[in-house]
>>> print(open('entry.cif').read())   # mmCIF, C-alpha atoms and all ligand atoms
data_structure
#
loop_
_atom_site.label_atom_id
_atom_site.label_comp_id
_atom_site.auth_asym_id
_atom_site.auth_seq_id
_atom_site.Cartn_x
_atom_site.Cartn_y
_atom_site.Cartn_z
CA MET Y 1 0.00 0.00 0.00
CA ALA Y 2 1.42 3.41 -0.92
CA ALA Y 3 2.49 5.57 2.03
CA GLN Y 4 -0.21 8.16 1.36
CA HIS Y 5 -2.82 5.39 1.69
CA LYS Y 6 -2.03 4.37 5.25
CA VAL Y 7 -4.22 6.35 7.60
CA ALA Y 8 -5.76 4.59 10.60
CA VAL Y 9 -8.13 5.26 13.46
CA VAL Y 10 -7.59 3.09 16.54
CA THR Y 11 -10.23 3.25 19.26
CA GLY Y 12 -9.53 2.25 22.84
CA ALA Y 13 -5.97 3.38 22.15
CA SER Y 14 -5.08 4.77 25.59
CA THR Y 15 -3.97 1.39 27.02
CA GLY Y 16 -3.60 -2.31 26.26
CA ILE Y 17 -4.23 -3.71 22.81
CA GLY Y 18 -5.24 -0.39 21.22
CA GLU Y 19 -2.12 1.37 22.42
CA ALA Y 20 0.15 -1.51 21.33
CA ALA Y 21 -1.52 -1.80 17.91
CA GLY Y 22 -1.46 1.97 17.34
CA ARG Y 23 2.23 2.21 18.18
CA ALA Y 24 3.00 -0.80 15.94
CA LEU Y 25 1.06 0.74 13.04
CA VAL Y 26 3.05 3.99 13.38
CA LYS Y 27 6.28 1.96 13.32
CA ALA Y 28 5.01 0.26 10.14
CA GLY Y 29 4.55 3.64 8.44
CA TRP Y 30 0.90 4.40 9.17
CA LYS Y 31 -0.52 7.74 10.29
CA VAL Y 32 -2.64 6.94 13.33
CA ALA Y 33 -5.42 8.75 15.19
CA PHE Y 34 -5.42 7.45 18.79
CA ALA Y 35 -8.91 7.61 20.33
CA ALA Y 36 -10.16 6.96 23.88
CA ARG Y 37 -11.62 8.98 26.75
CA ARG Y 38 -8.41 9.59 28.72
CA ALA Y 39 -6.79 12.41 26.75
CA GLU Y 40 -3.70 12.64 28.98
CA LEU Y 41 -2.71 9.05 28.14
CA LEU Y 42 -3.27 9.64 24.42
CA GLU Y 43 -1.13 12.81 24.46
CA LYS Y 44 1.80 10.88 25.97
CA ILE Y 45 1.57 8.21 23.24
CA VAL Y 46 1.40 10.84 20.50
CA ALA Y 47 4.44 12.63 21.97
CA ASP Y 48 6.37 9.33 21.68
CA CYS Y 49 5.19 8.66 18.11
CA GLY Y 50 5.72 12.20 16.82
CA ALA Y 51 3.00 14.69 15.89
CA ALA Y 52 3.54 14.17 12.14
CA ASN Y 53 2.45 10.52 12.44
CA ALA Y 54 -0.04 10.55 15.28
CA LEU Y 55 -3.04 12.43 16.55
CA ALA Y 56 -4.83 12.22 19.91
CA VAL Y 57 -8.60 12.63 19.85
CA ALA Y 58 -10.45 12.37 23.18
CA THR Y 59 -13.44 10.22 22.24
CA ASP Y 60 -16.31 8.41 23.87
CA VAL Y 61 -17.32 5.79 21.30
CA SER Y 62 -20.78 5.46 22.84
CA LYS Y 63 -21.61 9.07 21.88
CA PRO Y 64 -22.51 9.72 18.21
CA ASP Y 65 -21.21 13.33 18.22
CA SER Y 66 -17.92 12.29 19.78
CA VAL Y 67 -17.46 9.61 17.10
CA LYS Y 68 -18.23 12.09 14.31
CA ASN Y 69 -15.66 14.47 15.77
CA LEU Y 70 -13.02 11.69 15.84
CA PHE Y 71 -13.36 10.89 12.14
CA ALA Y 72 -13.62 14.57 11.12
CA LYS Y 73 -10.39 15.42 13.00
CA THR Y 74 -8.63 12.41 11.44
CA THR Y 75 -9.50 13.23 7.84
CA GLN Y 76 -8.81 16.92 8.48
CA LYS Y 77 -5.26 16.13 9.58
CA PHE Y 78 -4.38 13.14 7.37
CA GLY Y 79 -6.56 13.69 4.30
CA ARG Y 80 -8.27 10.27 4.10
CA LEU Y 81 -8.89 7.01 6.01
CA ASP Y 82 -7.74 3.48 5.20
CA LEU Y 83 -8.19 1.51 8.41
CA LEU Y 84 -10.40 1.46 11.46
CA PHE Y 85 -9.27 -0.78 14.31
CA ASN Y 86 -12.55 -0.94 16.18
CA ASN Y 87 -11.07 -1.92 19.52
CA ALA Y 88 -12.62 0.03 22.42
CA GLY Y 89 -14.36 -2.32 24.81
CA MET Y 90 -15.21 -3.07 28.43
CA GLY Y 91 -16.42 -5.88 30.64
CA ALA Y 92 -18.85 -6.02 33.56
CA PRO Y 93 -18.28 -7.42 37.06
CA PRO Y 94 -18.63 -11.25 37.07
CA VAL Y 95 -22.01 -11.76 38.73
CA PRO Y 96 -24.86 -14.19 38.00
CA MET Y 97 -27.04 -12.70 35.26
CA ASP Y 98 -30.04 -12.16 37.54
CA GLU Y 99 -27.86 -9.85 39.65
CA LEU Y 100 -26.49 -7.73 36.77
CA PRO Y 101 -27.97 -4.20 37.01
CA TYR Y 102 -29.71 -3.16 33.80
CA GLU Y 103 -27.64 0.06 33.78
CA LYS Y 104 -24.42 -1.99 33.64
CA TRP Y 105 -25.82 -4.14 30.81
CA LYS Y 106 -26.67 -0.99 28.85
CA GLU Y 107 -23.23 0.52 29.47
CA VAL Y 108 -21.50 -2.57 28.04
CA VAL Y 109 -23.85 -2.71 25.03
CA ASP Y 110 -23.30 1.00 24.44
CA VAL Y 111 -19.52 0.66 24.23
CA ASN Y 112 -18.95 -2.86 22.85
CA LEU Y 113 -21.78 -2.91 20.31
CA ASN Y 114 -23.31 0.53 19.72
CA GLY Y 115 -19.87 2.19 19.87
CA MET Y 116 -18.43 -0.31 17.39
CA PHE Y 117 -21.38 0.23 15.07
CA LEU Y 118 -21.09 4.04 15.24
CA CYS Y 119 -17.37 3.93 14.42
CA ALA Y 120 -17.87 1.35 11.65
CA GLN Y 121 -20.67 3.43 10.13
CA GLU Y 122 -18.58 6.62 10.11
CA ALA Y 123 -15.58 4.79 8.59
CA PHE Y 124 -17.84 3.13 6.00
CA ARG Y 125 -19.18 6.56 4.96
CA ILE Y 126 -15.66 7.92 4.46
CA PHE Y 127 -14.40 4.77 2.66
CA ARG Y 128 -17.34 4.87 0.27
CA LYS Y 129 -16.96 8.53 -0.65
CA GLN Y 130 -13.21 8.92 -0.89
CA ASN Y 131 -10.99 8.49 -3.93
CA PRO Y 132 -9.45 5.93 -4.22
CA GLN Y 133 -12.47 4.29 -2.67
CA GLY Y 134 -12.36 1.66 0.08
CA GLY Y 135 -10.62 0.68 3.30
CA ARG Y 136 -10.58 -1.92 6.04
CA ILE Y 137 -12.37 -2.31 9.37
CA ILE Y 138 -10.90 -4.72 11.92
CA ASN Y 139 -13.34 -5.38 14.75
CA ASN Y 140 -11.99 -6.60 18.04
CA GLY Y 141 -14.09 -9.63 18.97
CA SER Y 142 -12.82 -12.08 21.56
CA ILE Y 143 -12.68 -15.73 22.48
CA SER Y 144 -15.97 -14.62 24.09
CA ALA Y 145 -17.34 -14.24 20.55
CA HIS Y 146 -17.16 -18.08 20.50
CA ALA Y 147 -17.63 -19.31 24.08
CA PRO Y 148 -18.68 -17.56 27.30
CA ARG Y 149 -16.86 -17.35 30.59
CA PRO Y 150 -19.05 -17.86 33.68
CA PHE Y 151 -20.99 -14.71 34.66
CA SER Y 152 -20.23 -12.75 31.48
CA VAL Y 153 -23.62 -12.29 29.84
CA ALA Y 154 -23.16 -8.65 28.76
CA TYR Y 155 -19.62 -9.07 27.46
CA THR Y 156 -20.29 -12.40 25.72
CA THR Y 157 -23.54 -11.25 24.13
CA THR Y 158 -21.95 -8.10 22.72
CA LYS Y 159 -18.89 -9.98 21.45
CA HIS Y 160 -21.11 -12.51 19.65
CA ALA Y 161 -22.91 -9.55 18.09
CA VAL Y 162 -19.59 -8.12 16.89
CA THR Y 163 -19.24 -11.21 14.68
CA GLY Y 164 -22.51 -10.26 12.97
CA LEU Y 165 -21.27 -6.72 12.47
CA THR Y 166 -18.03 -8.02 10.93
CA LYS Y 167 -19.87 -10.22 8.46
CA CYS Y 168 -22.24 -7.40 7.46
CA ILE Y 169 -19.30 -5.08 6.82
CA ALA Y 170 -17.57 -7.80 4.78
CA LEU Y 171 -20.71 -8.34 2.70
CA ASP Y 172 -22.08 -4.79 2.31
CA GLY Y 173 -18.56 -3.44 1.85
CA ARG Y 174 -17.71 -5.57 -1.19
CA ALA Y 175 -19.24 -3.11 -3.64
CA TYR Y 176 -16.99 -0.32 -2.37
CA ASP Y 177 -13.66 -2.13 -1.76
CA ILE Y 178 -14.32 -2.17 1.98
CA CYS Y 179 -12.92 -5.19 3.86
CA GLY Y 180 -14.53 -6.42 7.10
CA SER Y 181 -12.23 -8.33 9.47
CA GLN Y 182 -12.25 -9.58 13.03
CA ILE Y 183 -9.54 -10.48 15.49
CA ASP Y 184 -10.51 -12.79 18.35
CA ILE Y 185 -7.99 -12.55 21.16
CA GLY Y 186 -7.46 -14.78 24.17
CA ASN Y 187 -5.61 -13.60 27.28
CA ALA Y 188 -3.23 -10.86 26.13
CA VAL Y 189 -1.45 -8.98 28.91
CA THR Y 190 -3.44 -5.75 29.35
CA PRO Y 191 -5.19 -4.00 32.25
CA MET Y 192 -8.39 -5.91 31.31
CA THR Y 193 -6.81 -9.31 31.99
CA GLU Y 194 -4.90 -8.31 35.14
CA ARG Y 195 -7.45 -10.20 37.26
CA MET Y 196 -6.33 -13.47 35.59
CA THR Y 197 -3.08 -13.30 37.59
CA LYS Y 198 -5.17 -13.74 40.75
CA GLY Y 199 -7.61 -16.29 39.34
CA VAL Y 200 -10.85 -16.11 37.37
CA PRO Y 201 -14.06 -18.20 37.69
CA GLN Y 202 -14.12 -21.48 35.73
CA PRO Y 203 -17.18 -23.42 34.49
CA ASN Y 204 -16.68 -26.14 37.14
CA GLY Y 205 -17.02 -23.63 39.97
CA THR Y 206 -13.29 -23.30 40.75
CA THR Y 207 -11.10 -20.25 40.33
CA MET Y 208 -7.93 -20.56 38.28
CA VAL Y 209 -4.94 -18.40 37.38
CA GLU Y 210 -4.79 -18.40 33.56
CA PRO Y 211 -1.77 -18.11 31.26
CA ARG Y 212 -1.49 -14.85 29.31
CA MET Y 213 0.58 -13.79 26.29
CA ASP Y 214 2.51 -10.65 25.33
CA VAL Y 215 0.22 -8.01 23.80
CA GLN Y 216 2.85 -7.41 21.08
CA HIS Y 217 1.67 -10.62 19.33
CA VAL Y 218 -1.72 -8.97 18.88
CA ALA Y 219 -0.16 -5.73 17.63
CA ASP Y 220 1.89 -7.71 15.08
CA ALA Y 221 -1.27 -9.49 13.88
CA ILE Y 222 -3.05 -6.17 13.39
CA VAL Y 223 -0.13 -4.80 11.34
CA TYR Y 224 -0.31 -7.91 9.16
CA MET Y 225 -4.07 -7.75 8.65
CA ALA Y 226 -3.96 -4.00 8.02
CA GLY Y 227 -1.16 -4.27 5.47
CA LEU Y 228 -2.90 -6.65 3.08
CA PRO Y 229 -3.92 -5.27 -0.31
CA LYS Y 230 -7.66 -4.61 -0.65
CA GLU Y 231 -8.14 -7.72 -2.81
CA SER Y 232 -7.50 -9.93 0.24
CA ASN Y 233 -8.92 -10.10 3.71
CA VAL Y 234 -8.40 -11.97 6.96
CA LEU Y 235 -12.06 -12.49 7.79
CA THR Y 236 -11.30 -13.80 11.27
CA MET Y 237 -8.10 -14.47 13.14
CA THR Y 238 -7.81 -16.07 16.59
CA VAL Y 239 -4.70 -15.18 18.57
CA MET Y 240 -4.58 -16.70 22.03
CA ALA Y 241 -2.35 -17.81 24.86
CA THR Y 242 -1.51 -21.36 23.80
CA LYS Y 243 -2.36 -22.97 27.13
CA MET Y 244 -5.50 -21.02 28.04
CA PRO Y 245 -8.64 -23.09 28.65
CA PHE Y 246 -10.71 -22.83 25.45
CA VAL Y 247 -10.15 -25.64 22.98
CA GLY Y 248 -11.66 -28.91 24.22
CA ARG Y 249 -13.96 -28.80 27.24
CA GLY Y 250 -12.36 -26.35 29.63
N1 LIG Y 301 -6.80 -8.50 26.60
C1 LIG Y 301 -7.39 -9.57 26.08
O1 LIG Y 301 -6.91 -10.72 26.26
C2 LIG Y 301 -8.63 -9.44 25.27
C3 LIG Y 301 -9.26 -10.62 24.85
C4 LIG Y 301 -10.38 -10.53 24.05
C5 LIG Y 301 -10.85 -9.30 23.64
N2 LIG Y 301 -10.22 -8.15 24.06
C6 LIG Y 301 -10.78 -6.88 23.61
O2 LIG Y 301 -9.74 -5.98 23.32
C7 LIG Y 301 -10.22 -4.64 23.46
C8 LIG Y 301 -9.20 -3.84 24.26
O3 LIG Y 301 -9.09 -4.41 25.54
P1 LIG Y 301 -7.73 -4.44 26.37
O4 LIG Y 301 -7.50 -5.83 26.77
O5 LIG Y 301 -6.67 -3.70 25.65
O6 LIG Y 301 -8.20 -3.68 27.70
P2 LIG Y 301 -7.95 -2.20 28.24
O7 LIG Y 301 -6.51 -1.94 28.40
O8 LIG Y 301 -8.87 -2.07 29.40
O9 LIG Y 301 -8.46 -1.27 27.05
C9 LIG Y 301 -9.75 -0.84 26.86
C10 LIG Y 301 -9.70 0.42 26.05
O10 LIG Y 301 -11.01 0.82 25.68
C11 LIG Y 301 -11.16 2.19 25.95
N3 LIG Y 301 -12.56 2.51 26.20
C12 LIG Y 301 -13.41 1.98 27.11
N4 LIG Y 301 -14.60 2.59 27.05
C13 LIG Y 301 -14.51 3.52 26.06
C14 LIG Y 301 -15.40 4.48 25.52
N5 LIG Y 301 -16.65 4.62 25.99
N6 LIG Y 301 -14.97 5.28 24.53
C15 LIG Y 301 -13.70 5.16 24.07
N7 LIG Y 301 -12.81 4.28 24.52
C16 LIG Y 301 -13.21 3.47 25.52
C17 LIG Y 301 -10.26 2.46 27.17
O11 LIG Y 301 -9.83 3.80 27.18
P3 LIG Y 301 -10.42 4.99 28.10
O12 LIG Y 301 -10.76 4.39 29.43
O13 LIG Y 301 -9.30 5.97 28.13
O14 LIG Y 301 -11.61 5.50 27.35
C18 LIG Y 301 -9.07 1.57 26.83
O15 LIG Y 301 -8.17 2.24 25.99
C19 LIG Y 301 -11.61 -4.76 24.09
O16 LIG Y 301 -12.60 -4.65 23.08
C20 LIG Y 301 -11.62 -6.16 24.66
O17 LIG Y 301 -12.90 -6.70 24.74
C21 LIG Y 301 -9.14 -8.21 24.88
#
>>> encode(input="entry.cif", output="structure tokens")
Amino acid sequence: MAAQHKVAVVTGASTGIGEAAGRALVKAGWKVAFAARRAELLEKIVADCGAANALAVATDVSKPDSVKNLFAKTTQKFGRLDLLFNNAGMGAPPVPMDELPYEKWKEVVDVNLNGMFLCAQEAFRIFRKQNPQGGRIINNGSISAHAPRPFSVAYTTTKHAVTGLTKCIALDGRAYDICGSQIDIGNAVTPMTERMTKGVPQPNGTTMVEPRMDVQHVADAIVYMAGLPKESNVLTMTVMATKMPFVGRG
């Protein structure tokens, strides 16, 4: 891909997978807009990457105006858009589903599903209109897009829904050279998985410390998926800690 056709938005870029992927994309020659709510963290990352290659945009993906502002600022600074890494996400406390407050359910749906849709829709609009047309959206699913953990109804339901969003982007995007992709990650070292070092609930009622893997493996996978020419697409990729309980029955 020519250098002038490497502009990315990464959401949830203040920590964890988003930060690692954004930094890796800059290293690979992309111009990256880093988006999340905590502006002070984004500014530090942009200072490291250099202002010519990176932009910090304080964004709440659950708010339509905030999402519009993110994409407007990105195209204003970099001229076009070639990639959205739709990564921002959150979990809910692990409680039996009858004890999950409706407000918490709505908060998770608002970020993990509505936020991903809003960002995908805005990117789709830009991809369709720009010249040359097209681009790529990589949604961050999860192992939870395939199998639930105990007490994870909001997270698991939204991550299953992300798979539907990915497939719709892949199908509806064909006419406009828009690729829809999904990465399903298992146990990367980030603030979200910190609790795994102390033990997380298992289906048999026990609590177990789970193996994790370096987040850089995820960042490398994103750079690979993002760098493909538009004629090819990784529809789904699973990157997981080799020894985590998933394959088999536990
Ligand atoms: N780590 C794993 O093993 C793993 C496995 C499967 C899936 N994932 C997925 O990977 C994604 C990133 O998770 P992570 O592990 O890197 O955890 P993390 O470090 O907690 O990152 C979550 C990111 O999402 C952002 N975010 C949350 N709510 C937001 C909102 N309303 N608007 C904008 N940004 C928001 C946070 O930034 P602010 O708080 O600054 O807004 C933060 O940058 C999530 O979608 C998660 O489900 C992770």
>>> closest_atom_pairs(input="entry.cif", of="chain Y", to="ligand LIG 301 (chain Y)", cutoff="8 Å", atoms="all atoms listed in the file", output="Markdown table")
| residue | atom | partner | partner_atom | distance |
| --- | --- | --- | --- | --- |
| Y:Thr11 | CA | Y:LIG301 | N7 | 5.9 |
| Y:Gly12 | CA | Y:LIG301 | O15 | 3.4 |
| Y:Ala13 | CA | Y:LIG301 | O15 | 4.6 |
| Y:Ser14 | CA | Y:LIG301 | O15 | 4.0 |
| Y:Thr15 | CA | Y:LIG301 | O15 | 4.4 |
| Y:Gly16 | CA | Y:LIG301 | O5 | 3.4 |
| Y:Ile17 | CA | Y:LIG301 | O5 | 3.7 |
| Y:Gly18 | CA | Y:LIG301 | O5 | 5.7 |
| Y:Glu19 | CA | Y:LIG301 | O15 | 7.1 |
| Y:Ala35 | CA | Y:LIG301 | C15 | 6.6 |
| Y:Ala36 | CA | Y:LIG301 | N7 | 3.8 |
| Y:Arg37 | CA | Y:LIG301 | O14 | 3.5 |
| Y:Arg38 | CA | Y:LIG301 | O13 | 3.8 |
| Y:Ala39 | CA | Y:LIG301 | O13 | 7.0 |
| Y:Leu41 | CA | Y:LIG301 | O13 | 7.3 |
| Y:Leu42 | CA | Y:LIG301 | O13 | 8.0 |
| Y:Ala58 | CA | Y:LIG301 | C15 | 8.0 |
| Y:Thr59 | CA | Y:LIG301 | C15 | 5.4 |
| Y:Asp60 | CA | Y:LIG301 | N6 | 3.5 |
| Y:Val61 | CA | Y:LIG301 | N6 | 4.0 |
| Y:Ser62 | CA | Y:LIG301 | N5 | 5.3 |
| Y:Lys63 | CA | Y:LIG301 | N5 | 7.8 |
| Y:Asn86 | CA | Y:LIG301 | O16 | 7.8 |
| Y:Asn87 | CA | Y:LIG301 | O16 | 4.7 |
| Y:Ala88 | CA | Y:LIG301 | O10 | 3.7 |
| Y:Gly89 | CA | Y:LIG301 | O16 | 3.4 |
| Y:Met90 | CA | Y:LIG301 | C12 | 5.5 |
| Y:Gly91 | CA | Y:LIG301 | O17 | 6.9 |
| Y:Asp110 | CA | Y:LIG301 | N5 | 7.7 |
| Y:Val111 | CA | Y:LIG301 | N5 | 5.2 |
| Y:Asn112 | CA | Y:LIG301 | O16 | 6.6 |
| Y:Gly115 | CA | Y:LIG301 | N5 | 7.3 |
| Y:Asn140 | CA | Y:LIG301 | O16 | 5.4 |
| Y:Gly141 | CA | Y:LIG301 | C5 | 5.7 |
| Y:Ser142 | CA | Y:LIG301 | C4 | 3.8 |
| Y:Ile143 | CA | Y:LIG301 | C4 | 5.9 |
| Y:Ser144 | CA | Y:LIG301 | C4 | 6.9 |
| Y:Tyr155 | CA | Y:LIG301 | O17 | 7.6 |
| Y:Lys159 | CA | Y:LIG301 | O17 | 7.6 |
| Y:Asp184 | CA | Y:LIG301 | C4 | 6.1 |
| Y:Ile185 | CA | Y:LIG301 | C4 | 4.3 |
| Y:Gly186 | CA | Y:LIG301 | C3 | 4.6 |
| Y:Asn187 | CA | Y:LIG301 | O1 | 3.3 |
| Y:Ala188 | CA | Y:LIG301 | O1 | 3.7 |
| Y:Val189 | CA | Y:LIG301 | N1 | 5.8 |
| Y:Thr190 | CA | Y:LIG301 | O4 | 4.8 |
| Y:Pro191 | CA | Y:LIG301 | O7 | 4.6 |
| Y:Met192 | CA | Y:LIG301 | O6 | 4.2 |
| Y:Thr193 | CA | Y:LIG301 | N1 | 5.5 |
| Y:Arg212 | CA | Y:LIG301 | O1 | 7.5 |
| Y:Val215 | CA | Y:LIG301 | N1 | 7.6 |
| Y:Met240 | CA | Y:LIG301 | O1 | 7.7 |
>>> residues_around(input="entry.cif", residues="Gly205 (chain Y)", least_positions_apart="5", cutoff="12 Å", atoms="all atoms listed in the file", output="ChimeraX atom specification")
/Y:149-151,199-200,250
>>> residues_around(input="entry.cif", residues="Val95 (chain Y)", least_positions_apart="2", cutoff="10 Å", atoms="only C-alpha atoms", output="NGL selection string")
:Y and (92-93 or 97-101 or 150-153)
>>> residues_near_point(input="entry.cif", point="(0.8, -6.5, 11.6)", cutoff="12 Å", atoms="only C-alpha atoms", output="PyMOL selection string")
chain Y and resi 20-30+85+138+183+216-228+234
>>> closest_residue(input="entry.cif", among="Y:Ala241, Y:Leu235, Y:Leu113, Y:Leu81", to="Leu171 (chain Y)", atoms="only C-alpha atoms")
Y:Leu235
>>> atom_distance(input="entry.cif", atom1="CA of Ile126 (chain Y)", atom2="CA of Ala51 (chain Y)")
22.9 Å
>>> residues_around(input="entry.cif", residues="region 207-211 of chain Y", least_positions_apart="4", cutoff="7 Å", atoms="only C-alpha atoms", output="ChimeraX atom specification")
/Y:196-202,241,243-244
>>> atom_distance(input="entry.cif", atom1="CA of Glu40 (chain Y)", atom2="CA of Asn114 (chain Y)")
24.8 Å
>>> atom_distance(input="entry.cif", atom1="CA of Phe34 (chain Y)", atom2="CA of Thr74 (chain Y)")
9.4 Å
>>> residues_around(input="entry.cif", residues="region 78-80 of chain Y", least_positions_apart="4", cutoff="12 Å", atoms="all atoms listed in the file", output="MDAnalysis selection string")
chainID Y and resid 3:9 30:33 51:55 71:74 84 123 125:135
>>> decode(input="entry.cif", residues="region 197-209 of chain Y", atoms="N, CA, C and O atoms", output="PDB file, in the first residue's frame")
ATOM      1  N   THR Y 197      -4.267 -12.953  36.801  1.00  0.00           N
ATOM      2  CA  THR Y 197      -3.078 -13.300  37.591  1.00  0.00           C
ATOM      3  C   THR Y 197      -3.482 -13.732  38.999  1.00  0.00           C
ATOM      4  O   THR Y 197      -2.701 -14.356  39.708  1.00  0.00           O
ATOM      5  N   LYS Y 198      -4.692 -13.345  39.401  1.00  0.00           N
ATOM      6  CA  LYS Y 198      -5.168 -13.735  40.751  1.00  0.00           C
ATOM      7  C   LYS Y 198      -6.135 -14.903  40.684  1.00  0.00           C
ATOM      8  O   LYS Y 198      -6.436 -15.533  41.682  1.00  0.00           O
ATOM      9  N   GLY Y 199      -6.659 -15.184  39.494  1.00  0.00           N
ATOM     10  CA  GLY Y 199      -7.611 -16.288  39.335  1.00  0.00           C
ATOM     11  C   GLY Y 199      -8.963 -15.782  38.870  1.00  0.00           C
ATOM     12  O   GLY Y 199      -9.453 -14.774  39.376  1.00  0.00           O
ATOM     13  N   VAL Y 200      -9.524 -16.480  37.891  1.00  0.00           N
ATOM     14  CA  VAL Y 200     -10.852 -16.109  37.367  1.00  0.00           C
ATOM     15  C   VAL Y 200     -11.779 -17.327  37.426  1.00  0.00           C
ATOM     16  O   VAL Y 200     -11.326 -18.471  37.347  1.00  0.00           O
ATOM     17  N   PRO Y 201     -13.107 -17.091  37.554  1.00  0.00           N
ATOM     18  CA  PRO Y 201     -14.062 -18.196  37.694  1.00  0.00           C
ATOM     19  C   PRO Y 201     -14.040 -19.137  36.490  1.00  0.00           C
ATOM     20  O   PRO Y 201     -13.954 -18.690  35.346  1.00  0.00           O
ATOM     21  N   GLN Y 202     -14.101 -20.438  36.767  1.00  0.00           N
ATOM     22  CA  GLN Y 202     -14.124 -21.475  35.733  1.00  0.00           C
ATOM     23  C   GLN Y 202     -15.506 -22.137  35.713  1.00  0.00           C
ATOM     24  O   GLN Y 202     -16.234 -22.100  36.712  1.00  0.00           O
ATOM     25  N   PRO Y 203     -15.854 -22.802  34.600  1.00  0.00           N
ATOM     26  CA  PRO Y 203     -17.177 -23.415  34.494  1.00  0.00           C
ATOM     27  C   PRO Y 203     -17.465 -24.465  35.578  1.00  0.00           C
ATOM     28  O   PRO Y 203     -18.620 -24.674  35.934  1.00  0.00           O
ATOM     29  N   ASN Y 204     -16.436 -25.102  36.120  1.00  0.00           N
ATOM     30  CA  ASN Y 204     -16.680 -26.141  37.141  1.00  0.00           C
ATOM     31  C   ASN Y 204     -16.763 -25.567  38.556  1.00  0.00           C
ATOM     32  O   ASN Y 204     -16.730 -26.315  39.529  1.00  0.00           O
ATOM     33  N   GLY Y 205     -16.826 -24.246  38.666  1.00  0.00           N
ATOM     34  CA  GLY Y 205     -17.017 -23.632  39.971  1.00  0.00           C
ATOM     35  C   GLY Y 205     -15.725 -23.260  40.685  1.00  0.00           C
ATOM     36  O   GLY Y 205     -15.743 -22.591  41.713  1.00  0.00           O
ATOM     37  N   THR Y 206     -14.572 -23.670  40.124  1.00  0.00           N
ATOM     38  CA  THR Y 206     -13.294 -23.304  40.746  1.00  0.00           C
ATOM     39  C   THR Y 206     -12.838 -21.943  40.222  1.00  0.00           C
ATOM     40  O   THR Y 206     -13.437 -21.381  39.304  1.00  0.00           O
ATOM     41  N   THR Y 207     -11.749 -21.472  40.814  1.00  0.00           N
ATOM     42  CA  THR Y 207     -11.102 -20.246  40.335  1.00  0.00           C
ATOM     43  C   THR Y 207      -9.686 -20.624  39.926  1.00  0.00           C
ATOM     44  O   THR Y 207      -9.027 -21.382  40.642  1.00  0.00           O
ATOM     45  N   MET Y 208      -9.246 -20.120  38.774  1.00  0.00           N
ATOM     46  CA  MET Y 208      -7.930 -20.558  38.279  1.00  0.00           C
ATOM     47  C   MET Y 208      -7.137 -19.368  37.718  1.00  0.00           C
ATOM     48  O   MET Y 208      -7.701 -18.510  37.023  1.00  0.00           O
ATOM     49  N   VAL Y 209      -5.847 -19.344  38.034  1.00  0.00           N
ATOM     50  CA  VAL Y 209      -4.937 -18.399  37.383  1.00  0.00           C
ATOM     51  C   VAL Y 209      -4.767 -18.887  35.947  1.00  0.00           C
ATOM     52  O   VAL Y 209      -4.546 -20.074  35.725  1.00  0.00           O
TER      53      VAL Y 209
END
